[in-house]
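Worksheet for the structure shown next.
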Amino acid sequence: MMNAHIEVSAANPLAVTDPKIRKLLQLAGLRFVCSRARWLEHEAIKIGVALRCGAITSDEADEKLAKMGALDLVYPELMVGE
């Protein structure tokens with residue numbers, strides 16, 4: 001049985017048309033993004049400290065960044081000046 005507040009369209013089966021539900025989903029998504037950003041910052045600080053003090057190599061830092069999915073964010077920004 002379909003929820004009366006959620007309409008499924010042929011173009012986008014995940015579209016939510018009820019403005020209240022849509023807003024709740026958006027707020028939940030934003031909370032997730034904020035928590036992911038805090039985690040990313042925490043992991044980046046750990047990697048940076050380890051790299052600076054010599055506990056890991058640059059290759060190991062790259063590997064950790066790759067596992068976090070951060071290489072696509074990091075290197076294009078660093079390479080712009082070249």
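We name chains A, B, ... following the order of the structure tokens; residues begin at 1 in each chain, and ligands are numbered from 1 as shown.
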
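The protein and nucleic acid residues lying at most 9 Å from A:Ile47 are His42, Arg52, Ile56, Ala61, Lys64 and Leu65 of chain A, with only C-alpha atoms considered and sequence neighbours fewer than 5 positions away removed.
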
Write to file, as a tab-separated table (two decimals), in the first residue's frame, the residues of the selection just made, with C-alpha atoms.
chain	number	residue	atom	x	y	z
A	42	HIS	CA	39.10	13.87	12.12
A	52	ARG	CA	54.28	15.33	9.55
A	56	ILE	CA	53.66	7.25	7.61
A	61	ALA	CA	49.02	8.95	3.09
A	64	LYS	CA	44.64	6.33	3.20
A	65	LEU	CA	43.21	9.28	1.24

Could you please determine the separation between atom CA of A:Ala66 and atom CA of A:Val49 in Å, to one decimal place?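 Rounded to one decimal, the two atoms are 17.4 Å apart.
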
Å distance separating atom CA of A:Ala15 from atom CA of A:Met68, one decimal place: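 Pair atom CA of A:Ala15 / atom CA of A:Met68 returns 29.5 Å.
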
So which one's closest to A:Gly48, A:Lys67, A:Arg31, A:Pro76, A:Asp62? Using only C-alpha atoms, please. A:Asp62

Provide the atom CA of A:Leu40 to atom CA of A:Arg22 distance in Å, to one decimal place.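 Taking atom CA of A:Leu40 as the start and atom CA of A:Arg22 as the end point, the length is 26.6 Å.
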